[in-house]
Every structure is written in structure tokens, then in C-alpha cells.
$ cat my_file14.txt   # compact mmCIF, C-alpha atoms
# COMPACT_ATOMS: atom_id res chain seq x y z
CA MET A 275 0.00 0.00 0.00
CA ARG A 276 1.22 3.44 -0.90
CA LEU A 277 0.13 6.79 0.43
CA ILE A 278 -0.48 9.76 -1.81
CA ASN A 279 -0.01 13.16 -0.25
CA TYR A 280 -3.40 14.83 0.07
CA SER A 281 -2.04 18.17 -1.11
CA SER A 282 -0.78 16.81 -4.45
CA PRO A 283 -3.04 16.25 -7.48
CA PHE A 284 -4.42 12.75 -7.04
CA LEU A 285 -4.52 11.48 -10.63
CA GLU A 286 -1.07 12.85 -11.43
CA SER A 287 0.33 11.17 -8.31
CA LEU A 288 -1.50 7.94 -9.08
CA SER A 289 -0.23 7.81 -12.67
CA SER A 290 3.36 8.39 -11.46
CA LEU A 291 2.96 5.71 -8.79
CA ILE A 292 1.56 3.14 -11.24
CA TYR A 293 4.33 3.91 -13.72
CA GLU A 294 7.04 3.52 -11.06
CA GLU A 295 5.61 0.21 -9.83
CA GLN A 296 5.03 -1.21 -13.31
CA LYS A 297 7.91 0.27 -15.35
CA ASN A 298 9.71 -3.11 -15.45
CA PHE A 299 6.85 -4.36 -17.63
CA SER A 300 7.08 -1.39 -20.04
CA PRO A 301 5.66 -1.05 -22.67
CA ASP A 302 3.03 -3.61 -21.50
CA PHE A 303 1.16 -2.24 -18.49
CA SER A 304 -1.97 -4.29 -19.24
CA LYS A 305 -1.56 -6.53 -16.18
CA ALA A 306 -2.69 -3.67 -13.94
CA LEU A 307 -6.40 -2.99 -13.45
CA LEU A 308 -7.56 0.43 -12.29
CA VAL A 309 -11.19 1.21 -11.39
CA PHE A 310 -12.31 4.83 -11.53
CA PRO A 311 -15.40 6.54 -10.12
CA SER A 312 -16.17 8.29 -13.41
CA LYS A 313 -15.34 8.17 -17.09
CA ARG A 314 -13.90 11.67 -16.85
CA SER A 315 -11.25 10.64 -14.30
CA LEU A 316 -10.47 7.52 -16.37
CA ILE A 317 -9.82 9.58 -19.50
CA TYR A 318 -7.76 12.15 -17.60
CA PHE A 319 -5.68 9.38 -15.97
CA ARG A 320 -5.02 7.77 -19.37
CA LYS A 321 -3.79 11.12 -20.73
CA LEU A 322 -1.52 11.69 -17.70
CA PHE A 323 -0.20 8.12 -17.80
CA LEU A 324 0.77 8.36 -21.48
CA LYS A 325 2.54 11.64 -20.76
CA ILE A 326 4.49 10.15 -17.82
CA CYS A 327 5.50 7.07 -19.84
CA GLY A 328 7.07 9.30 -22.49
CA LYS A 329 6.53 6.69 -25.23
CA ASP A 330 4.41 6.84 -28.34
CA VAL A 331 3.08 3.30 -28.05
CA ILE A 332 2.28 1.31 -24.90
CA TYR A 333 -0.21 -1.28 -23.76
CA PRO A 334 -1.99 0.78 -21.09
CA PRO A 335 -3.33 -0.60 -17.81
CA LYS A 336 -6.85 -1.96 -17.97
CA LEU A 337 -9.04 0.99 -17.10
CA THR A 338 -12.72 0.77 -16.22
CA GLY A 339 -15.39 2.71 -14.43
CA ILE A 340 -16.96 1.50 -11.20
CA GLU A 341 -20.33 0.92 -12.91
CA ASN A 342 -18.79 -1.40 -15.52
CA PHE A 343 -16.64 -3.11 -12.91
CA ILE A 344 -19.64 -3.93 -10.72
CA SER A 345 -21.63 -5.10 -13.75
CA GLU A 346 -18.88 -7.44 -14.90
CA LEU A 347 -18.34 -8.76 -11.39
CA TYR A 348 -22.05 -9.35 -10.96
CA ILE A 349 -22.48 -11.07 -14.34
CA GLU A 350 -19.48 -13.29 -13.62
CA ASN A 351 -20.81 -14.36 -10.21
CA PHE A 352 -24.59 -14.35 -10.69
CA ASP A 353 -25.06 -14.86 -14.44
CA LYS A 354 -27.48 -11.97 -14.97
CA LYS A 355 -27.32 -9.04 -17.34
CA LYS A 356 -27.68 -5.48 -16.13
CA ALA A 357 -30.73 -3.72 -17.50
CA GLY A 358 -29.82 -0.32 -18.83
CA ARG A 359 -31.97 2.77 -18.36
CA LEU A 360 -34.06 2.26 -21.52
CA LYS A 361 -34.55 -1.46 -20.90
CA ARG A 362 -35.76 -0.71 -17.37
CA ILE A 363 -38.24 1.88 -18.65
CA PHE A 364 -39.51 -0.54 -21.33
CA LEU A 365 -39.99 -3.24 -18.69
CA LEU A 366 -41.77 -0.80 -16.38
CA LYS A 367 -44.10 0.31 -19.19
CA LYS A 368 -44.86 -3.32 -20.02
CA SER A 369 -45.46 -4.13 -16.35
CA LEU A 370 -48.01 -1.30 -16.17
CA SER A 371 -49.90 -2.77 -19.10
CA LEU A 372 -49.95 -6.15 -17.35
CA CYS A 373 -51.31 -4.71 -14.12
CA SER A 374 -55.04 -4.32 -13.57
CA SER A 375 -56.94 -1.41 -15.11
CA LYS A 376 -57.14 0.37 -11.75
CA LEU A 377 -53.49 1.38 -12.22
CA SER A 378 -53.89 3.25 -15.46
CA HIS A 379 -55.19 6.45 -13.81
CA ILE A 380 -51.75 7.08 -12.27
CA PHE A 381 -50.12 7.70 -15.65
CA LYS A 382 -52.70 9.83 -17.42
CA GLY A 383 -51.57 12.71 -19.56
CA SER A 384 -53.21 16.10 -19.86
CA GLU A 385 -55.76 14.65 -22.33
CA GLY A 386 -56.76 11.99 -19.81
CA LYS A 387 -55.29 9.15 -21.89
CA MET A 388 -52.74 6.63 -20.72
CA LEU A 389 -49.29 7.80 -21.82
CA GLU A 390 -48.82 5.51 -24.79
CA ASN A 391 -45.90 7.37 -26.30
CA PHE A 392 -42.68 5.92 -24.89
CA PHE A 393 -40.88 9.27 -24.81
CA ASN A 394 -43.70 10.89 -22.83
CA PHE A 395 -43.76 7.95 -20.46
CA ALA A 396 -39.97 7.86 -20.00
CA GLY A 397 -39.91 10.90 -17.71
CA TYR A 398 -42.58 9.50 -15.42
CA GLY A 399 -41.08 6.02 -15.59
CA SER A 400 -37.61 7.28 -14.65
CA LYS A 401 -38.99 8.98 -11.55
CA LEU A 402 -40.84 5.85 -10.53
CA LEU A 403 -37.74 3.70 -11.05
CA LYS A 404 -35.69 6.12 -8.91
CA PHE A 405 -38.29 5.75 -6.18
CA PHE A 406 -38.07 1.94 -6.41
CA ASP A 407 -34.25 2.15 -6.39
CA GLU A 408 -34.27 4.22 -3.21
CA LEU A 409 -36.56 1.71 -1.52
CA ILE A 410 -34.23 -1.15 -2.46
CA VAL A 411 -31.01 0.62 -1.46
CA GLU A 412 -32.46 1.86 1.83
CA ASP A 413 -34.13 -1.53 2.46
CA ILE A 414 -37.57 0.01 2.96
CA SER A 415 -40.62 -2.18 2.47
CA PHE A 416 -43.98 -1.04 1.19
CA ASN A 417 -45.52 -2.14 4.50
CA SER A 418 -43.21 0.17 6.41
CA LEU A 419 -44.25 3.00 4.07
CA LYS A 420 -47.86 2.38 5.04
CA LYS A 421 -46.98 2.53 8.74
CA GLU A 422 -45.27 5.89 8.30
CA VAL A 423 -48.15 7.47 6.38
CA LEU A 424 -50.41 9.63 8.49
CA TYR A 425 -53.34 9.75 6.09
CA THR A 426 -55.30 6.70 4.97
CA ASP A 427 -55.68 8.11 1.45
CA TYR A 428 -52.13 6.99 0.71
CA ASP A 429 -52.75 3.32 1.52
CA LEU A 430 -54.41 2.71 -1.85
CA GLN A 431 -51.63 4.54 -3.71
CA ILE A 432 -48.96 2.54 -1.88
CA ASP A 433 -50.82 -0.68 -2.77
CA ILE A 434 -50.88 0.37 -6.42
CA LEU A 435 -47.16 1.20 -6.38
CA PHE A 436 -46.47 -2.16 -4.76
CA GLU A 437 -48.42 -3.93 -7.51
CA ILE A 438 -46.40 -2.09 -10.16
CA PHE A 439 -43.17 -2.92 -8.29
CA LEU A 440 -44.02 -6.64 -8.16
CA SER A 441 -44.96 -6.73 -11.83
CA TYR A 442 -41.76 -4.91 -12.82
CA ASN A 443 -39.61 -7.26 -10.72
CA LYS A 444 -41.30 -10.29 -12.27
CA LEU A 445 -40.59 -9.04 -15.80
CA LEU A 446 -37.03 -8.14 -14.86
CA LYS A 447 -36.41 -11.64 -13.53
CA GLU A 448 -38.15 -13.42 -16.43
CA SER A 449 -36.04 -11.43 -18.90
CA GLY A 450 -32.81 -12.51 -17.17
CA TYR A 451 -31.93 -8.96 -16.14
CA THR A 452 -31.14 -7.18 -12.93
CA ASP A 453 -30.63 -3.52 -12.11
CA SER A 454 -27.96 -1.53 -10.30
CA PRO A 455 -29.56 -1.35 -6.82
CA ARG A 456 -30.03 -5.11 -6.69
CA MET A 457 -26.49 -5.68 -7.92
CA LEU A 458 -25.05 -3.52 -5.16
CA LYS A 459 -27.17 -5.21 -2.49
CA LYS A 460 -26.14 -8.69 -3.65
CA LEU A 461 -22.42 -7.91 -3.80
$ encode --input "my_file14.txt" --output "C-alpha cells"
Amino acid sequence: MRLINYSSPFLESLSSLIYEEQKNFSPDFSKALLVFPSKRSLIYFRKLFLKICGKDVIYPPKLTGIENFISELYIENFDKKKAGRLKRIFLLKKSLSLCSSKLSHIFKGSEGKMLENFFNFAGYGSKLLKFFDELIVEDISFNSLKKEVLYTDYDLQIDILFEIFLSYNKLLKESGYTDSPRMLKKL
């Protein structure tokens, strides 16, 4: 383990450190794996690393973002694919159509029709998926939501959301997919 001085630029220090530790393998640094919190830091590191190496051609370290790293780790250990944003919204829209007709009034547009256009639905669907994600990550059940609600008017709405949640999860599982919150909880 190496310490990087907190007052020095982190990615510059990291690229120098990796180069120093791996320079015996130059020009092939591909045995090292580095996981970054964002694509921006990954790209910036790659630029700094090439500059520090001072060579035109190298085999760089394997660089990946945390999201891809978790996905690959999950797929390798649990044999499920990660559903991307659009796939999740498609599955949610399909799950709504499979639910009983009493649910359709939640997603009515200004004309009073169910939002049939995917692009109109995507905004609402994204918000609903974020709500579901927060429940999963925070380990909050729909029953506990009911207990916290002060007004009985919300019981029916929570029941409807729970029905949508169950339908969405069923489709997700049947399709062989999972989503980020479940991946993080399982790992």
C-alpha cells in the first residue's frame, strides 16, 4: 500500500505511482487494473499516464469505471445481465400494461389518456424507477411506508405502487436482467 499526499493532485500522483511500480513491464502495463469513479477521471488518468511514460506506443493498464466493474463482477458471479436505463423503462411500461386497469389512472396525460408514447412515459417512468431504487437501497418495504403514512388516502396509492413494483420485478427476472440497486445489495 502506498500513500499519496493529500495536497498533491491525485490522478497525477497515481499515474506516477503506477508507472514507477510497473515500469519493469514497459511497454506492456496491461496486467494492472484500475477502477475509476467516473469516465472523466479515467480519460484524464489515461492522458496523464501516457505523458508520464514518455513513449508513443504502450499497452496501457486496464481501465474501467466503477459501474462497468460492478456489472462485470455481478455477471461473472450471478449470471445476470444489467438492464440499462431504456430497458428498465420498457420493462416498467410493459409491467403497467400487465397490471389491472385500476393502475392506469396514475399515468394519465393532460388529455386523460394513458401515456402511450414511450418518450412521454420515459420521464414519469424514470422517476418511478428512482423511487423503487431508493426503496431497495435503503431496504424500505412497502408495508413500512404504510406505517409511516399519516393519512389513509395513501394506503391505496402505496398498494398500487407495490403492484407495479411486483410486476416490474417479475418481468425483470423473467427477462434474465437485474438492475444496479439489486447488484449492489447482492455484492
$ residues_around --input "my_file14.txt" --residues "Gly339 of chain A" --least-positions-apart "2" --cutoff "8 Å" --atoms "all atoms listed in the file" --output "PyMOL selection string"
chain A and resi 309-313+316+337+341-343
$ atom_distance --input "my_file14.txt" --atom1 "atom CA of Ser454 of chain A" --atom2 "atom CA of Lys356 of chain A"
7.0 Å
$ residues_around --input "my_file14.txt" --residues "segment 361-372 of chain A" --least-positions-apart "6" --cutoff "7 Å" --atoms "only C-alpha atoms" --output "VMD selection string"
chain A and resid 396 399 to 400 438 441 to 442 445 to 446
$ closest_residue --input "my_file14.txt" --among "A:Tyr451, A:Asp429, A:Ala306, A:Leu440" --to "Cys373 of chain A" --atoms "only C-alpha atoms"
A:Leu440
$ residues_around --input "my_file14.txt" --residues "Glu294 of chain A" --least-positions-apart "6" --cutoff "12 Å" --atoms "only C-alpha atoms" --output "MDAnalysis selection string"
chainID A and resid 276 287:288 300 303 323 326:327
$ atom_distance --input "my_file14.txt" --atom1 "atom CA of Lys321 of chain A" --atom2 "atom CA of Phe299 of chain A"
19.0 Å
$ residues_around --input "my_file14.txt" --residues "Lys336 of chain A" --least-positions-apart "2" --cutoff "8 Å" --atoms "all atoms listed in the file" --output "PyMOL selection string"
chain A and resi 304-308+334+338
$ closest_residue --input "my_file14.txt" --among "A:Ile292, A:Ile344, A:Ile410, A:Leu403" --to "Leu322 of chain A" --atoms "all atoms listed in the file"
A:Ile292
$ atom_distance --input "my_file14.txt" --atom1 "atom CA of Ser449 of chain A" --atom2 "atom CA of Gln431 of chain A"
27.0 Å
$ decode --input "my_file14.txt" --residues "segment 332-347 of chain A" --atoms "all heavy atoms" --output "PDB file, in the first residue's frame"
ATOM      1  N   ILE A 332       2.227   2.202 -26.065  1.00  0.00           N
ATOM      2  CA  ILE A 332       2.279   1.315 -24.895  1.00  0.00           C
ATOM      3  C   ILE A 332       0.994   0.501 -24.866  1.00  0.00           C
ATOM      4  O   ILE A 332       0.021   0.820 -25.553  1.00  0.00           O
ATOM      5  CB  ILE A 332       2.405   2.088 -23.556  1.00  0.00           C
ATOM      6  CG1 ILE A 332       1.169   2.955 -23.321  1.00  0.00           C
ATOM      7  CG2 ILE A 332       3.673   2.877 -23.485  1.00  0.00           C
ATOM      8  CD1 ILE A 332       1.036   3.464 -21.905  1.00  0.00           C
ATOM      9  N   TYR A 333       1.013  -0.561 -24.093  1.00  0.00           N
ATOM     10  CA  TYR A 333      -0.209  -1.278 -23.757  1.00  0.00           C
ATOM     11  C   TYR A 333      -0.611  -0.737 -22.384  1.00  0.00           C
ATOM     12  O   TYR A 333       0.021  -1.066 -21.380  1.00  0.00           O
ATOM     13  CB  TYR A 333       0.018  -2.788 -23.677  1.00  0.00           C
ATOM     14  CG  TYR A 333       0.400  -3.409 -24.995  1.00  0.00           C
ATOM     15  CD1 TYR A 333       1.726  -3.709 -25.288  1.00  0.00           C
ATOM     16  CD2 TYR A 333      -0.565  -3.681 -25.948  1.00  0.00           C
ATOM     17  CE1 TYR A 333       2.085  -4.268 -26.495  1.00  0.00           C
ATOM     18  CE2 TYR A 333      -0.216  -4.245 -27.164  1.00  0.00           C
ATOM     19  CZ  TYR A 333       1.102  -4.536 -27.430  1.00  0.00           C
ATOM     20  OH  TYR A 333       1.460  -5.094 -28.617  1.00  0.00           O
ATOM     21  N   PRO A 334      -1.649   0.116 -22.351  1.00  0.00           N
ATOM     22  CA  PRO A 334      -1.988   0.784 -21.087  1.00  0.00           C
ATOM     23  C   PRO A 334      -2.579  -0.194 -20.071  1.00  0.00           C
ATOM     24  O   PRO A 334      -2.990  -1.303 -20.425  1.00  0.00           O
ATOM     25  CB  PRO A 334      -3.026   1.822 -21.509  1.00  0.00           C
ATOM     26  CG  PRO A 334      -3.654   1.248 -22.726  1.00  0.00           C
ATOM     27  CD  PRO A 334      -2.567   0.473 -23.423  1.00  0.00           C
ATOM     28  N   PRO A 335      -2.640   0.222 -18.810  1.00  0.00           N
ATOM     29  CA  PRO A 335      -3.329  -0.600 -17.815  1.00  0.00           C
ATOM     30  C   PRO A 335      -4.794  -0.756 -18.220  1.00  0.00           C
ATOM     31  O   PRO A 335      -5.333   0.063 -18.963  1.00  0.00           O
ATOM     32  CB  PRO A 335      -3.217   0.214 -16.523  1.00  0.00           C
ATOM     33  CG  PRO A 335      -2.169   1.225 -16.758  1.00  0.00           C
ATOM     34  CD  PRO A 335      -2.100   1.446 -18.232  1.00  0.00           C
ATOM     35  N   LYS A 336      -5.413  -1.807 -17.732  1.00  0.00           N
ATOM     36  CA  LYS A 336      -6.851  -1.965 -17.969  1.00  0.00           C
ATOM     37  C   LYS A 336      -7.546  -0.915 -17.118  1.00  0.00           C
ATOM     38  O   LYS A 336      -7.365  -0.861 -15.907  1.00  0.00           O
ATOM     39  CB  LYS A 336      -7.309  -3.364 -17.586  1.00  0.00           C
ATOM     40  CG  LYS A 336      -6.757  -4.432 -18.488  1.00  0.00           C
ATOM     41  CD  LYS A 336      -7.161  -5.805 -18.024  1.00  0.00           C
ATOM     42  CE  LYS A 336      -6.423  -6.828 -18.859  1.00  0.00           C
ATOM     43  NZ  LYS A 336      -6.390  -8.138 -18.247  1.00  0.00           N
ATOM     44  N   LEU A 337      -8.344  -0.096 -17.768  1.00  0.00           N
ATOM     45  CA  LEU A 337      -9.041   0.989 -17.095  1.00  0.00           C
ATOM     46  C   LEU A 337     -10.539   0.781 -17.249  1.00  0.00           C
ATOM     47  O   LEU A 337     -11.015   0.500 -18.343  1.00  0.00           O
ATOM     48  CB  LEU A 337      -8.645   2.340 -17.694  1.00  0.00           C
ATOM     49  CG  LEU A 337      -7.151   2.639 -17.793  1.00  0.00           C
ATOM     50  CD1 LEU A 337      -6.918   3.945 -18.547  1.00  0.00           C
ATOM     51  CD2 LEU A 337      -6.535   2.706 -16.412  1.00  0.00           C
ATOM     52  N   THR A 338     -11.267   0.918 -16.161  1.00  0.00           N
ATOM     53  CA  THR A 338     -12.718   0.765 -16.221  1.00  0.00           C
ATOM     54  C   THR A 338     -13.360   1.662 -15.177  1.00  0.00           C
ATOM     55  O   THR A 338     -12.722   2.062 -14.211  1.00  0.00           O
ATOM     56  CB  THR A 338     -13.134  -0.713 -16.028  1.00  0.00           C
ATOM     57  OG1 THR A 338     -14.530  -0.847 -16.283  1.00  0.00           O
ATOM     58  CG2 THR A 338     -12.821  -1.213 -14.630  1.00  0.00           C
ATOM     59  N   GLY A 339     -14.622   1.941 -15.400  1.00  0.00           N
ATOM     60  CA  GLY A 339     -15.393   2.709 -14.434  1.00  0.00           C
ATOM     61  C   GLY A 339     -16.016   1.777 -13.406  1.00  0.00           C
ATOM     62  O   GLY A 339     -16.171   0.574 -13.648  1.00  0.00           O
ATOM     63  N   ILE A 340     -16.394   2.316 -12.279  1.00  0.00           N
ATOM     64  CA  ILE A 340     -16.957   1.502 -11.202  1.00  0.00           C
ATOM     65  C   ILE A 340     -18.249   0.820 -11.646  1.00  0.00           C
ATOM     66  O   ILE A 340     -18.500  -0.335 -11.291  1.00  0.00           O
ATOM     67  CB  ILE A 340     -17.169   2.343  -9.908  1.00  0.00           C
ATOM     68  CG1 ILE A 340     -17.557   1.457  -8.727  1.00  0.00           C
ATOM     69  CG2 ILE A 340     -18.197   3.426 -10.124  1.00  0.00           C
ATOM     70  CD1 ILE A 340     -16.462   0.573  -8.228  1.00  0.00           C
ATOM     71  N   GLU A 341     -19.061   1.502 -12.438  1.00  0.00           N
ATOM     72  CA  GLU A 341     -20.329   0.924 -12.909  1.00  0.00           C
ATOM     73  C   GLU A 341     -20.074  -0.325 -13.747  1.00  0.00           C
ATOM     74  O   GLU A 341     -20.692  -1.363 -13.545  1.00  0.00           O
ATOM     75  CB  GLU A 341     -21.089   1.985 -13.705  1.00  0.00           C
ATOM     76  CG  GLU A 341     -22.468   1.592 -14.111  1.00  0.00           C
ATOM     77  CD  GLU A 341     -23.505   1.811 -13.037  1.00  0.00           C
ATOM     78  OE1 GLU A 341     -23.269   2.575 -12.086  1.00  0.00           O
ATOM     79  OE2 GLU A 341     -24.566   1.205 -13.143  1.00  0.00           O
ATOM     80  N   ASN A 342     -19.125  -0.239 -14.692  1.00  0.00           N
ATOM     81  CA  ASN A 342     -18.788  -1.403 -15.524  1.00  0.00           C
ATOM     82  C   ASN A 342     -18.153  -2.506 -14.694  1.00  0.00           C
ATOM     83  O   ASN A 342     -18.414  -3.691 -14.917  1.00  0.00           O
ATOM     84  CB  ASN A 342     -17.842  -1.004 -16.650  1.00  0.00           C
ATOM     85  CG  ASN A 342     -18.513  -0.201 -17.719  1.00  0.00           C
ATOM     86  OD1 ASN A 342     -19.725  -0.217 -17.856  1.00  0.00           O
ATOM     87  ND2 ASN A 342     -17.727   0.522 -18.478  1.00  0.00           N
ATOM     88  N   PHE A 343     -17.312  -2.128 -13.761  1.00  0.00           N
ATOM     89  CA  PHE A 343     -16.637  -3.109 -12.915  1.00  0.00           C
ATOM     90  C   PHE A 343     -17.657  -3.921 -12.108  1.00  0.00           C
ATOM     91  O   PHE A 343     -17.600  -5.145 -12.064  1.00  0.00           O
ATOM     92  CB  PHE A 343     -15.658  -2.404 -11.979  1.00  0.00           C
ATOM     93  CG  PHE A 343     -14.918  -3.326 -11.054  1.00  0.00           C
ATOM     94  CD1 PHE A 343     -13.924  -4.163 -11.542  1.00  0.00           C
ATOM     95  CD2 PHE A 343     -15.213  -3.363  -9.703  1.00  0.00           C
ATOM     96  CE1 PHE A 343     -13.230  -5.024 -10.701  1.00  0.00           C
ATOM     97  CE2 PHE A 343     -14.528  -4.214  -8.849  1.00  0.00           C
ATOM     98  CZ  PHE A 343     -13.538  -5.049  -9.345  1.00  0.00           C
ATOM     99  N   ILE A 344     -18.615  -3.233 -11.503  1.00  0.00           N
ATOM    100  CA  ILE A 344     -19.640  -3.933 -10.721  1.00  0.00           C
ATOM    101  C   ILE A 344     -20.490  -4.813 -11.628  1.00  0.00           C
ATOM    102  O   ILE A 344     -20.808  -5.950 -11.276  1.00  0.00           O
ATOM    103  CB  ILE A 344     -20.503  -2.921  -9.942  1.00  0.00           C
ATOM    104  CG1 ILE A 344     -19.669  -2.308  -8.820  1.00  0.00           C
ATOM    105  CG2 ILE A 344     -21.760  -3.575  -9.382  1.00  0.00           C
ATOM    106  CD1 ILE A 344     -20.340  -1.168  -8.083  1.00  0.00           C
ATOM    107  N   SER A 345     -20.836  -4.309 -12.814  1.00  0.00           N
ATOM    108  CA  SER A 345     -21.631  -5.101 -13.755  1.00  0.00           C
ATOM    109  C   SER A 345     -20.914  -6.390 -14.148  1.00  0.00           C
ATOM    110  O   SER A 345     -21.501  -7.464 -14.140  1.00  0.00           O
ATOM    111  CB  SER A 345     -21.938  -4.290 -15.018  1.00  0.00           C
ATOM    112  OG  SER A 345     -22.774  -3.225 -14.737  1.00  0.00           O
ATOM    113  N   GLU A 346     -19.644  -6.261 -14.502  1.00  0.00           N
ATOM    114  CA  GLU A 346     -18.883  -7.444 -14.902  1.00  0.00           C
ATOM    115  C   GLU A 346     -18.721  -8.426 -13.752  1.00  0.00           C
ATOM    116  O   GLU A 346     -18.834  -9.632 -13.935  1.00  0.00           O
ATOM    117  CB  GLU A 346     -17.518  -7.029 -15.448  1.00  0.00           C
ATOM    118  CG  GLU A 346     -17.599  -6.344 -16.787  1.00  0.00           C
ATOM    119  CD  GLU A 346     -16.254  -5.859 -17.283  1.00  0.00           C
ATOM    120  OE1 GLU A 346     -15.222  -6.458 -16.913  1.00  0.00           O
ATOM    121  OE2 GLU A 346     -16.247  -4.878 -18.054  1.00  0.00           O
ATOM    122  N   LEU A 347     -18.467  -7.914 -12.573  1.00  0.00           N
ATOM    123  CA  LEU A 347     -18.338  -8.757 -11.392  1.00  0.00           C
ATOM    124  C   LEU A 347     -19.643  -9.485 -11.103  1.00  0.00           C
ATOM    125  O   LEU A 347     -19.664 -10.683 -10.814  1.00  0.00           O
ATOM    126  CB  LEU A 347     -17.929  -7.895 -10.191  1.00  0.00           C
ATOM    127  CG  LEU A 347     -17.617  -8.602  -8.890  1.00  0.00           C
ATOM    128  CD1 LEU A 347     -16.420  -9.527  -9.058  1.00  0.00           C
ATOM    129  CD2 LEU A 347     -17.336  -7.575  -7.800  1.00  0.00           C
TER     130      LEU A 347
END
